[in-house]
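Below is model_29.txt, which holds compact mmCIF, C-alpha atoms.
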# COMPACT_ATOMS: atom_id res chain seq x y z
CA MET A 49 6.27 -11.70 28.95
CA THR A 50 7.12 -9.46 26.01
CA ASN A 51 4.23 -7.16 26.84
CA SER A 52 5.23 -6.73 30.47
CA MET A 53 8.83 -6.01 29.44
CA PHE A 54 7.57 -3.34 27.06
CA LEU A 55 5.48 -1.80 29.85
CA ASN A 56 8.52 -1.83 32.16
CA ASN A 57 10.52 -0.09 29.48
CA LEU A 58 7.81 2.55 29.02
CA LEU A 59 7.53 3.11 32.77
CA LEU A 60 11.28 3.66 33.11
CA THR A 61 11.12 6.06 30.17
CA ILE A 62 8.38 8.12 31.84
CA ILE A 63 10.40 8.21 35.05
CA TRP A 64 13.42 9.45 33.06
CA VAL A 65 11.33 12.16 31.38
CA LEU A 66 9.85 13.28 34.72
CA ALA A 67 13.27 13.31 36.37
CA THR A 68 14.94 15.36 33.67
CA GLY A 69 11.91 17.63 33.34
CA THR A 70 11.99 18.26 29.58
CA LEU A 71 9.16 16.78 27.51
CA THR A 72 10.51 16.64 23.97
CA GLU A 73 10.71 13.81 21.44
CA GLU A 74 14.49 13.60 21.63
CA ASN A 75 14.46 13.23 25.38
CA PHE A 76 11.75 10.58 25.18
CA ILE A 77 13.68 8.49 22.64
CA PHE A 78 16.91 8.92 24.65
CA GLY A 79 15.15 7.74 27.82
CA PHE A 80 13.69 4.78 25.95
CA LEU A 81 17.16 3.72 24.79
CA ILE A 82 18.63 4.15 28.29
CA SER A 83 15.91 2.07 29.95
CA PHE A 84 16.25 -0.53 27.20
CA GLY A 85 19.93 -0.84 28.11
CA ILE A 86 19.13 -1.05 31.82
CA LEU A 87 16.58 -3.82 31.29
CA TYR A 88 19.08 -5.64 29.08
CA ILE A 89 21.68 -5.62 31.85
CA ILE A 90 19.18 -6.59 34.59
CA THR A 91 17.78 -9.63 32.79
CA ILE A 92 21.08 -10.91 31.41
CA ASN A 93 20.86 -14.21 33.33
CA LYS A 94 17.14 -14.85 32.92
CA GLU A 95 15.69 -17.22 30.36
CA GLU A 96 12.98 -14.94 28.98
CA ARG A 97 14.95 -12.78 26.60
CA LYS A 98 12.62 -12.67 23.62
CA TYR A 99 11.99 -8.94 24.00
CA PHE A 100 15.57 -8.02 23.21
CA THR A 101 15.74 -10.06 20.04
CA ILE A 102 12.34 -9.00 18.73
CA LEU A 103 12.79 -5.22 18.89
CA PRO A 104 15.83 -4.98 16.56
CA LYS A 105 14.10 -7.45 14.23
CA LEU A 106 10.97 -5.29 14.17
CA ILE A 107 13.00 -2.18 13.36
CA SER A 108 14.91 -3.93 10.58
CA PHE A 109 11.59 -5.24 9.25
CA ILE A 110 10.14 -1.72 9.07
CA MET A 111 13.28 -0.47 7.29
CA PHE A 112 13.03 -3.35 4.82
CA MET A 113 9.37 -2.53 4.11
CA SER A 114 10.13 1.16 3.47
CA TRP A 115 12.89 0.16 1.05
CA GLU A 116 10.48 -2.17 -0.75
CA ILE A 117 7.86 0.60 -1.06
CA LEU A 118 10.48 2.95 -2.54
CA LYS A 119 11.57 0.28 -5.01
CA ALA A 120 7.95 -0.40 -5.99
CA ASN A 121 7.45 3.25 -6.85
CA LEU A 122 10.59 3.47 -8.96
CA VAL A 123 9.58 0.31 -10.83
CA THR A 124 6.13 1.80 -11.51
CA VAL A 125 7.68 4.97 -12.94
CA LYS A 126 9.75 2.80 -15.27
CA GLU A 127 6.71 0.65 -16.13
CA SER A 128 4.61 3.60 -17.22
CA LEU A 129 7.11 4.37 -19.98
CA TYR A 130 7.36 0.80 -21.29
CA ALA A 131 5.75 -0.49 -24.45
CA LYS A 132 2.98 -3.02 -24.05
CA SER A 133 4.88 -5.97 -25.55
CA LYS A 134 7.29 -6.14 -22.60
CA LEU A 135 4.57 -7.04 -20.09
CA GLU A 136 4.20 -10.67 -19.00
CA PRO A 137 1.35 -10.80 -16.48
CA ALA A 138 0.20 -13.99 -14.76
CA VAL A 139 -1.99 -15.14 -11.88
CA ILE A 140 0.04 -17.48 -9.68
CA LYS A 141 -0.96 -19.75 -6.81
CA VAL A 142 1.29 -19.37 -3.75
CA PRO A 143 0.95 -21.86 -0.88
CA LEU A 144 0.92 -20.31 2.60
CA THR A 145 2.90 -21.40 5.66
CA VAL A 146 1.53 -18.69 7.97
CA GLU A 147 -1.62 -19.86 9.73
CA SER A 148 -2.94 -17.07 11.95
CA ASP A 149 -5.30 -14.44 10.55
CA ILE A 150 -3.11 -11.50 11.52
CA GLY A 151 -0.08 -13.12 9.86
CA ILE A 152 -1.97 -13.65 6.62
CA THR A 153 -3.18 -10.04 6.68
CA ILE A 154 0.34 -8.65 7.14
CA LEU A 155 1.74 -10.95 4.46
CA ALA A 156 -0.97 -9.93 1.96
CA THR A 157 -0.34 -6.23 2.64
CA MET A 158 3.40 -6.75 2.21
CA VAL A 159 2.97 -8.56 -1.08
CA SER A 160 0.55 -5.86 -2.29
CA VAL A 161 3.01 -3.01 -1.75
CA THR A 162 6.00 -4.71 -3.39
CA PRO A 163 6.73 -4.05 -7.07
CA GLY A 164 4.37 -5.50 -9.66
CA THR A 165 2.32 -7.82 -7.46
CA LEU A 166 -1.30 -7.73 -6.29
CA VAL A 167 -3.03 -10.23 -4.01
CA MET A 168 -6.29 -11.17 -5.70
CA ASP A 169 -7.77 -13.56 -3.16
CA ILE A 170 -7.06 -16.03 -0.38
CA SER A 171 -8.80 -19.40 -0.45
CA ASP A 172 -11.42 -20.12 2.20
CA ASP A 173 -9.38 -22.85 3.87
CA LYS A 174 -6.42 -20.40 4.22
CA LYS A 175 -3.95 -22.64 2.44
CA VAL A 176 -3.35 -20.81 -0.80
CA MET A 177 -2.98 -17.22 -1.99
CA TYR A 178 -3.57 -16.08 -5.58
CA VAL A 179 -1.22 -13.32 -6.69
CA HIS A 180 -1.33 -11.26 -9.87
CA VAL A 181 2.22 -10.56 -11.07
CA MET A 182 3.27 -8.09 -13.73
CA HIS A 183 6.54 -9.64 -14.86
CA VAL A 184 7.02 -13.34 -14.41
CA ARG A 185 9.90 -15.50 -15.63
CA SER A 186 8.91 -18.84 -14.13
CA LYS A 187 6.28 -19.86 -11.63
CA LYS A 188 8.65 -21.63 -9.27
CA GLU A 189 11.04 -18.69 -9.09
CA PHE A 190 8.30 -16.32 -7.97
CA VAL A 191 6.94 -18.72 -5.32
CA ASP A 192 10.47 -19.15 -3.94
CA GLU A 193 10.95 -15.38 -3.83
CA VAL A 194 7.78 -14.82 -1.78
CA LYS A 195 8.66 -17.68 0.54
CA ASN A 196 12.24 -16.62 1.22
CA LYS A 197 11.95 -12.85 1.15
CA PHE A 198 8.71 -12.14 3.04
CA GLU A 199 7.36 -15.19 4.77
CA LYS A 200 10.63 -16.07 6.53
CA ARG A 201 10.98 -12.58 7.99
CA LEU A 202 7.36 -12.53 9.06
CA LEU A 203 7.59 -15.90 10.80
CA GLU A 204 10.66 -14.75 12.73
CA ILE A 205 8.65 -11.87 14.20
CA LEU A 206 5.41 -13.73 14.87
CA ARG A 207 7.07 -16.61 16.68
CA MET B 1318 11.02 32.24 -7.29
CA SER B 1319 8.95 32.05 -4.15
CA LEU B 1320 7.33 28.90 -2.85
CA GLN B 1321 3.84 30.11 -3.76
CA GLU B 1322 4.84 30.81 -7.36
CA TYR B 1323 6.56 27.47 -7.68
CA PHE B 1324 3.46 25.63 -6.52
CA HIS B 1325 1.24 27.76 -8.68
CA PHE B 1326 3.13 27.34 -11.93
CA ILE B 1327 4.64 23.83 -11.68
CA ILE B 1328 2.96 21.55 -9.15
CA ILE B 1329 -0.70 22.42 -9.76
CA PRO B 1330 -0.46 22.09 -13.60
CA ILE B 1331 1.12 18.61 -13.33
CA LEU B 1332 -1.60 17.53 -10.91
CA GLY B 1333 -4.25 18.93 -13.23
CA LEU B 1334 -2.78 17.06 -16.17
CA SER B 1335 -2.89 13.80 -14.21
CA VAL B 1336 -6.53 14.51 -13.28
CA ILE B 1337 -7.29 14.84 -17.01
CA LEU B 1338 -5.47 11.58 -17.82
CA VAL B 1339 -7.38 9.69 -15.13
CA PHE B 1340 -10.63 11.28 -16.25
CA ILE B 1341 -10.09 10.00 -19.80
CA ARG B 1342 -9.88 6.50 -18.31
CA PHE B 1343 -13.00 7.23 -16.25
CA VAL B 1344 -15.02 8.15 -19.34
CA LYS B 1345 -13.54 5.46 -21.60
CA GLY B 1346 -13.35 2.55 -19.13
CA PRO B 1347 -14.92 -0.54 -20.72
CA SER B 1348 -16.06 -2.10 -17.45
CA LEU B 1349 -17.45 -0.80 -14.16
CA ALA B 1350 -14.31 -1.86 -12.27
CA ASP B 1351 -12.24 0.47 -14.48
CA ARG B 1352 -14.43 3.37 -13.50
CA VAL B 1353 -14.27 2.52 -9.80
CA ILE B 1354 -10.48 2.39 -9.76
CA ALA B 1355 -10.36 5.66 -11.72
CA LEU B 1356 -12.61 7.23 -9.08
CA ASP B 1357 -10.31 5.95 -6.33
CA MET B 1358 -7.32 7.51 -8.08
CA LEU B 1359 -9.21 10.81 -8.52
CA ILE B 1360 -9.83 10.99 -4.77
CA LEU B 1361 -6.13 10.31 -4.05
CA ILE B 1362 -5.11 13.11 -6.44
CA SER B 1363 -7.64 15.44 -4.83
CA ILE B 1364 -6.04 14.76 -1.43
CA CYS B 1365 -2.75 15.96 -2.94
CA ILE B 1366 -4.41 19.05 -4.41
CA ILE B 1367 -5.92 19.92 -1.02
CA ALA B 1368 -2.50 19.56 0.65
CA VAL B 1369 -0.87 21.80 -1.97
CA TYR B 1370 -3.60 24.42 -1.61
CA SER B 1371 -3.18 24.41 2.16
CA ILE B 1372 0.49 25.31 1.62
CA MET B 1373 -0.37 27.98 -0.96
CA PHE B 1374 -2.94 29.76 1.20
CA ASN B 1375 -1.23 29.01 4.53
CA GLN B 1376 -4.39 27.42 5.98
CA SER B 1377 -3.83 24.22 7.95
CA THR B 1378 -7.59 23.71 8.37
CA PHE B 1379 -7.84 22.30 4.84
CA LEU B 1380 -6.08 19.14 6.00
CA ASP B 1381 -9.20 18.04 7.92
CA ILE B 1382 -10.95 17.62 4.59
CA ALA B 1383 -8.00 15.63 3.25
CA MET B 1384 -8.34 13.27 6.22
CA LEU B 1385 -12.06 12.87 5.55
CA PHE B 1386 -11.38 12.14 1.89
CA ALA B 1387 -8.87 9.42 2.78
CA LEU B 1388 -11.61 7.68 4.79
CA ILE B 1389 -14.32 8.15 2.16
CA ALA B 1390 -12.06 6.81 -0.62
CA PHE B 1391 -11.74 3.47 1.17
CA LEU B 1392 -15.46 3.33 2.00
CA SER B 1393 -16.58 4.04 -1.55
CA THR B 1394 -14.18 1.53 -3.12
CA THR B 1395 -15.24 -1.20 -0.70
CA ALA B 1396 -18.94 -0.46 -1.14
CA TYR B 1397 -18.66 -0.55 -4.93
CA ALA B 1398 -16.72 -3.80 -4.85
CA PHE B 1399 -19.35 -5.32 -2.55
CA TYR B 1400 -22.15 -4.13 -4.82
CA LEU B 1401 -20.45 -5.54 -7.93
CA GLU B 1402 -20.09 -8.94 -6.29
CA LYS B 1403 -23.67 -9.01 -4.96
CA ARG B 1404 -25.11 -7.98 -8.31
CA GLU B 1405 -23.41 -10.93 -9.97
CA ARG B 1406 -24.83 -13.40 -7.45
CA LYS B 1407 -28.47 -12.47 -8.10
CA MET C 58 16.75 25.86 3.00
CA ARG C 59 13.37 24.61 4.20
CA ASP C 60 11.75 25.92 1.02
CA ILE C 61 14.13 23.83 -1.09
CA ILE C 62 13.32 20.65 0.88
CA ILE C 63 9.60 21.32 0.44
CA MET C 64 10.06 21.89 -3.30
CA ILE C 65 12.09 18.71 -3.84
CA SER C 66 9.74 16.52 -1.81
CA SER C 67 6.58 17.78 -3.46
CA THR C 68 8.10 17.59 -6.95
CA ILE C 69 9.08 13.94 -6.51
CA GLY C 70 5.64 13.13 -5.12
CA VAL C 71 3.89 14.84 -8.01
CA LEU C 72 6.04 12.97 -10.52
CA PHE C 73 5.07 9.64 -8.91
CA ILE C 74 1.39 10.54 -9.16
CA PHE C 75 1.76 11.69 -12.77
CA SER C 76 3.49 8.43 -13.74
CA THR C 77 0.68 6.48 -12.08
CA SER C 78 -2.01 8.26 -14.03
CA LEU C 79 -0.01 7.82 -17.24
CA ALA C 80 0.33 4.10 -16.51
CA MET C 81 -3.39 3.88 -15.82
CA LEU C 82 -4.16 5.10 -19.32
CA ARG C 83 -1.69 2.76 -20.99
CA LYS C 84 -2.13 -0.61 -19.25
CA PRO C 85 -4.22 -3.12 -21.22
CA ASP C 86 -6.56 -4.62 -18.61
CA VAL C 87 -8.25 -3.95 -15.26
CA TYR C 88 -6.00 -6.08 -13.09
CA LEU C 89 -2.83 -4.36 -14.25
CA ARG C 90 -4.44 -0.97 -13.65
CA ILE C 91 -5.49 -1.89 -10.11
CA SER C 92 -2.01 -3.24 -9.44
CA VAL C 93 -0.38 0.00 -10.61
CA THR C 94 -2.74 2.28 -8.69
CA SER C 95 -2.16 0.58 -5.37
CA LYS C 96 1.57 1.32 -5.49
CA ALA C 97 2.88 4.61 -6.77
CA SER C 98 -0.03 6.58 -5.37
CA THR C 99 0.84 5.76 -1.75
CA LEU C 100 4.36 7.21 -1.88
CA GLY C 101 3.19 10.18 -3.96
CA VAL C 102 0.51 11.13 -1.44
CA GLY C 103 2.97 10.48 1.40
CA LEU C 104 5.64 12.80 0.00
CA ILE C 105 3.25 15.69 -0.69
CA LEU C 106 1.75 15.42 2.80
CA LEU C 107 5.29 15.31 4.21
CA ALA C 108 5.99 18.60 2.44
CA THR C 109 2.89 20.05 4.14
CA ALA C 110 4.11 18.85 7.55
CA ILE C 111 7.53 20.45 7.01
CA PHE C 112 5.94 23.71 5.86
CA PHE C 113 3.67 24.18 8.90
CA ASN C 114 6.01 22.64 11.51
CA GLU C 115 3.29 22.29 14.18
CA TYR C 116 2.17 19.39 16.33
CA SER C 117 -1.49 19.49 15.27
CA VAL C 118 -0.64 19.46 11.57
CA THR C 119 1.97 16.71 11.91
CA THR C 120 -0.41 14.38 13.73
CA ARG C 121 -3.08 14.96 11.09
CA VAL C 122 -0.59 14.24 8.31
CA ILE C 123 0.50 11.02 10.01
CA ALA C 124 -3.17 10.00 10.33
CA VAL C 125 -3.81 10.57 6.62
CA ILE C 126 -0.68 8.67 5.58
CA LEU C 127 -1.63 5.76 7.87
CA PHE C 128 -5.16 5.62 6.47
CA VAL C 129 -3.88 5.60 2.90
CA PHE C 130 -1.20 2.97 3.56
CA LEU C 131 -3.58 0.66 5.41
CA THR C 132 -6.64 0.97 3.19
CA VAL C 133 -5.31 1.08 -0.37
CA PRO C 134 -4.09 -2.59 -0.44
CA ILE C 135 -7.41 -3.80 1.04
CA GLY C 136 -9.48 -1.77 -1.41
CA SER C 137 -7.47 -2.97 -4.40
CA HIS C 138 -7.79 -6.59 -3.27
CA MET C 139 -11.59 -6.29 -2.94
CA LEU C 140 -11.92 -4.59 -6.30
CA ALA C 141 -9.76 -7.18 -8.09
CA ARG C 142 -11.86 -9.95 -6.58
CA ALA C 143 -15.12 -8.28 -7.63
CA ALA C 144 -13.77 -7.71 -11.13
CA TYR C 145 -12.92 -11.39 -11.39
CA PHE C 146 -16.44 -12.41 -10.32
CA THR C 147 -18.04 -10.17 -12.93
CA LYS C 148 -15.86 -11.87 -15.58
CA THR C 149 -14.10 -8.72 -16.66
CA PRO C 150 -11.94 -9.70 -19.65
CA ILE C 151 -8.30 -10.39 -18.88
CA TRP C 152 -5.55 -9.38 -21.33
CA GLY C 153 -4.55 -11.99 -23.92
CA GLY C 154 -0.86 -11.72 -23.03
CA THR C 155 -1.41 -13.27 -19.60
CA LYS C 156 0.86 -16.31 -19.40
CA ILE C 157 -0.55 -18.36 -16.50
CA ASP C 158 -3.98 -18.07 -14.88
CA ASP C 159 -4.23 -20.31 -11.83
CA LEU C 160 -7.40 -18.64 -10.62
CA ALA C 161 -9.50 -19.70 -13.63
CA GLY C 162 -12.37 -21.93 -12.56
CA GLN C 163 -11.44 -21.99 -8.87
CA TYR C 164 -14.45 -20.06 -7.59
CA ASP C 165 -17.72 -21.79 -6.81
CA PRO C 166 -20.36 -19.96 -8.89
CA GLU C 167 -23.16 -20.49 -6.34
CA THR C 168 -21.59 -19.91 -2.94
CA HIS C 169 -18.60 -17.78 -4.11
CA GLU C 170 -16.28 -20.04 -2.16
CA LEU C 171 -12.66 -20.21 -3.29
CA HIS C 172 -11.03 -23.63 -3.41
CA SER C 173 -7.35 -24.36 -3.13
CA GLU C 174 -7.27 -27.58 -5.15
CA ASN C 175 -7.97 -27.86 -8.87
CA ARG C 176 -11.53 -27.75 -10.14
CA ASN C 177 -13.45 -26.51 -13.14
CA SER C 178 -16.24 -24.01 -12.53
CA SER C 179 -17.80 -21.53 -14.90
CA ILE C 180 -16.14 -18.40 -13.51
CA LYS C 181 -13.42 -17.82 -16.05
CA PRO C 182 -12.88 -14.43 -17.73
CA GLU C 183 -12.30 -14.47 -21.47
CA LYS C 184 -9.10 -13.17 -22.96
CA THR C 185 -9.00 -10.14 -25.22
CA ASP C 186 -6.22 -9.04 -27.50
CA LYS C 187 -7.31 -5.52 -28.23
CA ALA C 188 -6.20 -2.81 -25.86
CA SER C 189 -9.07 -0.82 -24.41
Full structure transcribed into structure tokens:
Amino acid sequence: MTNSMFLNNLLLTIIWVLATGTLTEENFIFGFLISFGILYIITINKEERKYFTILPKLISFIMFMSWEILKANLVTVKESLYAKSKLEPAVIKVPLTVESDIGITILATMVSVTPGTLVMDISDDKKVMYVHVMHVRSKKEFVDEVKNKFEKRLLEILR
Amino acid sequence: MSLQEYFHFIIIPILGLSVILVFIRFVKGPSLADRVIALDMLILISICIIAVYSIMFNQSTFLDIAMLFALIAFLSTTAYAFYLEKRERK
Amino acid sequence: MRDIIIMISSTIGVLFIFSTSLAMLRKPDVYLRISVTSKASTLGVGLILLATAIFFNEYSVTTRVIAVILFVFLTVPIGSHMLARAAYFTKTPIWGGTKIDDLAGQYDPETHELHSENRNSSIKPEKTDKAS
């Protein structure tokens, strides 16, 4: 259902671009927004409305990831000037709730780009992930952070 | 100060210094994994150098080589990691 | 105006790359070095390529730049994961300051299978105190 809605949206966008006759990025994005609004109004009484909740979530997810990447870089700049005694590395076992392969891949990439963490391996039965962390206060705190910050957002999109 | 001069006198020296720092790790590295990750980093820095040179000489064709390097960096790292693991199993 | 944007973007990118190479020389063991390399380098490369895209301001260059950035962002986490795993198999020494090591003894030495529950196999890197 989500896929066909996306195709409808794209089709309306192409019609808008052909009708106005100017092929530029701004016009394309404007047409996409207009057809998104039209589809929102048309399907306001239908039950299948997943498409309209998933697109804003996807955009906010991408924004969140860019912010995390920026933060990771700033932390690394700070790290490179630290003395060695301040480091507290650890390898921590994190249980997984995500089950599908694609979900695990996205989660591992997300954890790898956030500050100070590196996914070392995922167990063969896909239940547990081993993460190398640069600064760790307590084991439980880190597991909670991964669960609440990344996995919850990911599950909202995949569902 | 023109753009070309700025790149020539500030950006390229810093990149060269970081190449030297990574190369010290490449020579010194106690294990093979150290050397592989240093090689990976060298390729990433060389992508940056190619991009900067393409601005300095106003030649957009250089970016094709940068794209090729980005692919080869991944291939070489993966192949080395695979080889390390297989060698241990023997 | 465009020159100033190019200068700022490339300077920040170069500083990220310089800090990464400095960190690579100073970190005490392999795993920390891999972890550092997979982060700062991506944004550094991204910013310098962005400067190139702004300088040329053409479609063909912009698409190439986006392709390079996508390759780097997608492949660097995978490569670092594979390398960290291989380093663990070859028993590369881990730094003595490591607080917890849950991975120790979890790999099967024959089949290289990774188990999720506790067990005691021989794959366990020794700890070193000296910085190398």
>> One decimal, in Å: what's the spacing between CA of Leu87 (chain A) and CA of Lys200 (chain A)?
In response: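 It comes out at 28.3 Å.
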Around (-1.8, -6.5, -20.1) in the file's frame, which residues reach within 7 Å when counting all atoms listed in the file? Return as a tab-separated table (two decimals) with C-alpha atoms, in the frame of the given file?
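This went into out.tsv:
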chain	number	residue	atom	x	y	z
A	135	LEU	CA	4.57	-7.04	-20.09
A	137	PRO	CA	1.35	-10.80	-16.48
C	84	LYS	CA	-2.13	-0.61	-19.25
C	85	PRO	CA	-4.22	-3.12	-21.22
C	86	ASP	CA	-6.56	-4.62	-18.61
C	89	LEU	CA	-2.83	-4.36	-14.25
C	152	TRP	CA	-5.55	-9.38	-21.33
C	154	GLY	CA	-0.86	-11.72	-23.03
C	155	THR	CA	-1.41	-13.27	-19.60
>> I'd like the interatomic distance between CA of Val71 (chain C) and CA of Ile1360 (chain B), to a tenth of an Å.
In response: 14.6 Å
Give me, as a PDB file with C-alpha atoms, in the coordinates of the input, all polymer residues having an atom no more than 7 Å from region 1327-1333 of chain B, counting all atoms listed in the file and skipping those fewer than 2 positions away in the same chain.
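New file around_23.pdb:
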ATOM      1  CA  TYR B1323       6.560  27.470  -7.680  1.00  0.00           C
ATOM      2  CA  PHE B1324       3.460  25.630  -6.520  1.00  0.00           C
ATOM      3  CA  HIS B1325       1.240  27.760  -8.680  1.00  0.00           C
ATOM      4  CA  SER B1335      -2.890  13.800 -14.210  1.00  0.00           C
ATOM      5  CA  VAL B1336      -6.530  14.510 -13.280  1.00  0.00           C
ATOM      6  CA  ILE B1337      -7.290  14.840 -17.010  1.00  0.00           C
TER       7      ILE B1337
ATOM      8  CA  THR C  68       8.100  17.590  -6.950  1.00  0.00           C
ATOM      9  CA  VAL C  71       3.890  14.840  -8.010  1.00  0.00           C
ATOM     10  CA  PHE C  75       1.760  11.690 -12.770  1.00  0.00           C
TER      11      PHE C  75
END
For the contact check between chain B and chain C, emit one row per residue of chain B within 8 Å, containing the shortest atom pair and the distance in Å rounded to one decimal, counting all atoms listed in the file, chain then rising number order, as CSV.
residue,atom,partner,partner_atom,distance
B:Leu1320,CA,C:Asp60,CA,6.6
B:Tyr1323,CA,C:Met64,CA,7.9
B:Ile1328,CA,C:Thr68,CA,6.9
B:Ile1331,CA,C:Phe75,CA,7.0
B:Leu1332,CA,C:Val71,CA,6.8
B:Leu1334,CA,C:Phe75,CA,7.8
B:Ser1335,CA,C:Phe75,CA,5.3
B:Val1336,CA,C:Ser78,CA,7.7
B:Leu1338,CA,C:Ser78,CA,6.1
B:Val1339,CA,C:Ser78,CA,5.7
B:Ile1341,CA,C:Leu82,CA,7.7
B:Arg1342,CA,C:Leu82,CA,6.0
B:Gly1346,CA,C:Ser189,CA,7.6
B:Pro1347,CA,C:Ser189,CA,6.9
B:Ser1348,CA,C:Thr149,CA,6.9
B:Ala1350,CA,C:Ala144,CA,6.0
B:Asp1351,CA,C:Val87,CA,6.0
B:Ile1354,CA,C:Ile91,CA,6.6
B:Met1358,CA,C:Thr94,CA,7.0
B:Leu1361,CA,C:Val102,CA,7.2
B:Ile1362,CA,C:Ile74,CA,7.5
B:Ile1364,CA,C:Val102,CA,7.5
B:Cys1365,CA,C:Val102,CA,6.0
B:Ala1368,CA,C:Leu106,CA,6.3
B:Val1369,CA,C:Thr109,CA,7.4
B:Ser1371,CA,C:Thr109,CA,7.7
B:Ile1372,CA,C:Thr109,CA,6.3
B:Ser1377,CA,C:Val118,CA,6.8
B:Leu1380,CA,C:Arg121,CA,7.2
B:Asp1381,CA,C:Arg121,CA,7.5
B:Ala1383,CA,C:Val125,CA,7.4
B:Met1384,CA,C:Val125,CA,5.3
B:Ala1387,CA,C:Val129,CA,6.3
B:Leu1388,CA,C:Phe128,CA,7.0
B:Phe1391,CA,C:Thr132,CA,6.0
B:Thr1394,CA,C:Gly136,CA,6.0
B:Thr1395,CA,C:Gly136,CA,5.8
B:Tyr1397,CA,C:Leu140,CA,8.0
B:Ala1398,CA,C:Leu140,CA,5.1
B:Phe1399,CA,C:Ala143,CA,7.2
B:Leu1401,CA,C:Ala143,CA,6.0
B:Glu1402,CA,C:Ala143,CA,5.2
B:Glu1405,CA,C:Thr147,CA,6.2
B:Arg1406,CA,C:Glu167,CA,7.4
> Using all atoms listed in the file, which of A:Val167, A:Met53, A:Val179, A:Ile92 sits nearest chain C?
Replying inline: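 For chain C, the nearest of the given residues is A:Val167.
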>> What does the structure give for the distance between CA of Val159 (chain A) and CA of Lys141 (chain A), in Å to one decimal?
In response: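 Answer for the CA of Val159 (chain A) to CA of Lys141 (chain A) separation: 13.2 Å.
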>> Taking only C-alpha atoms into account, find every residue of chain A that has an atom no more than 8 Å from chain C, and write it out as a PyMOL selection string.
In response: chain A and resi 117-118+120-121+124-125+127-129+132+135-141+157+160-173+175-176+178+180+182
Put a box with edges along x, y and z around all the listed atoms of region 1401-1405 of chain B, pad it by 3 Å on each side, then give me its centre and sizes in Å, one decimal, as JSON.
{"center_x": -22.6, "center_y": -8.2, "center_z": -7.5, "size_x": 11.0, "size_y": 11.4, "size_z": 11.0}
> Can you list, as an MDAnalysis selection string, every protein, DNA or RNA residue that comes within 9 Å of Gln1321 (chain B) when you count all atoms listed in the file, leaving out same-chain residues fewer than 5 positions away?
Replying inline: chainID B and resid 1326 1372:1374
> So, counting all atoms listed in the file, which residue among A:Leu81, A:Val142, A:Ile150, A:Leu203 is closest to Val181 (chain A)?
Replying inline: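 Residue with the minimum atom-to-atom distance to Val181 (chain A): A:Val142.
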Would you mind exporting region 106-117 of chain C with N, CA and C atoms, as a short mmCIF file (atom, residue, chain, number, x, y, z; two decimals), in the first residue's frame?
data_model
loop_
_atom_site.label_atom_id
_atom_site.label_comp_id
_atom_site.auth_asym_id
_atom_site.auth_seq_id
_atom_site.Cartn_x
_atom_site.Cartn_y
_atom_site.Cartn_z
N LEU C 106 34.60 17.18 -0.52
CA LEU C 106 33.92 16.92 -1.79
C LEU C 106 32.78 17.92 -2.02
N LEU C 107 32.14 18.34 -0.91
CA LEU C 107 31.09 19.36 -1.03
C LEU C 107 31.67 20.66 -1.57
N ALA C 108 32.87 21.02 -1.08
CA ALA C 108 33.54 22.22 -1.59
C ALA C 108 33.78 22.10 -3.09
N THR C 109 34.17 20.89 -3.54
CA THR C 109 34.38 20.68 -4.98
C THR C 109 33.09 20.89 -5.76
N ALA C 110 31.98 20.34 -5.21
CA ALA C 110 30.69 20.47 -5.90
C ALA C 110 30.28 21.93 -6.00
N ILE C 111 30.52 22.71 -4.93
CA ILE C 111 30.15 24.14 -4.98
C ILE C 111 31.03 24.87 -5.98
N PHE C 112 32.30 24.50 -6.05
CA PHE C 112 33.22 25.20 -6.96
C PHE C 112 32.83 25.01 -8.42
N PHE C 113 32.52 23.74 -8.83
CA PHE C 113 32.23 23.51 -10.24
C PHE C 113 30.81 23.90 -10.61
N ASN C 114 29.84 23.59 -9.70
CA ASN C 114 28.45 24.00 -9.92
C ASN C 114 27.89 23.45 -11.24
N GLU C 115 28.12 22.13 -11.47
CA GLU C 115 27.58 21.47 -12.66
C GLU C 115 26.86 20.22 -12.24
N TYR C 116 25.96 19.74 -13.12
CA TYR C 116 25.22 18.53 -12.78
C TYR C 116 26.14 17.32 -12.71
N SER C 117 27.02 17.17 -13.73
CA SER C 117 27.84 15.95 -13.81
C SER C 117 28.77 15.83 -12.62
#
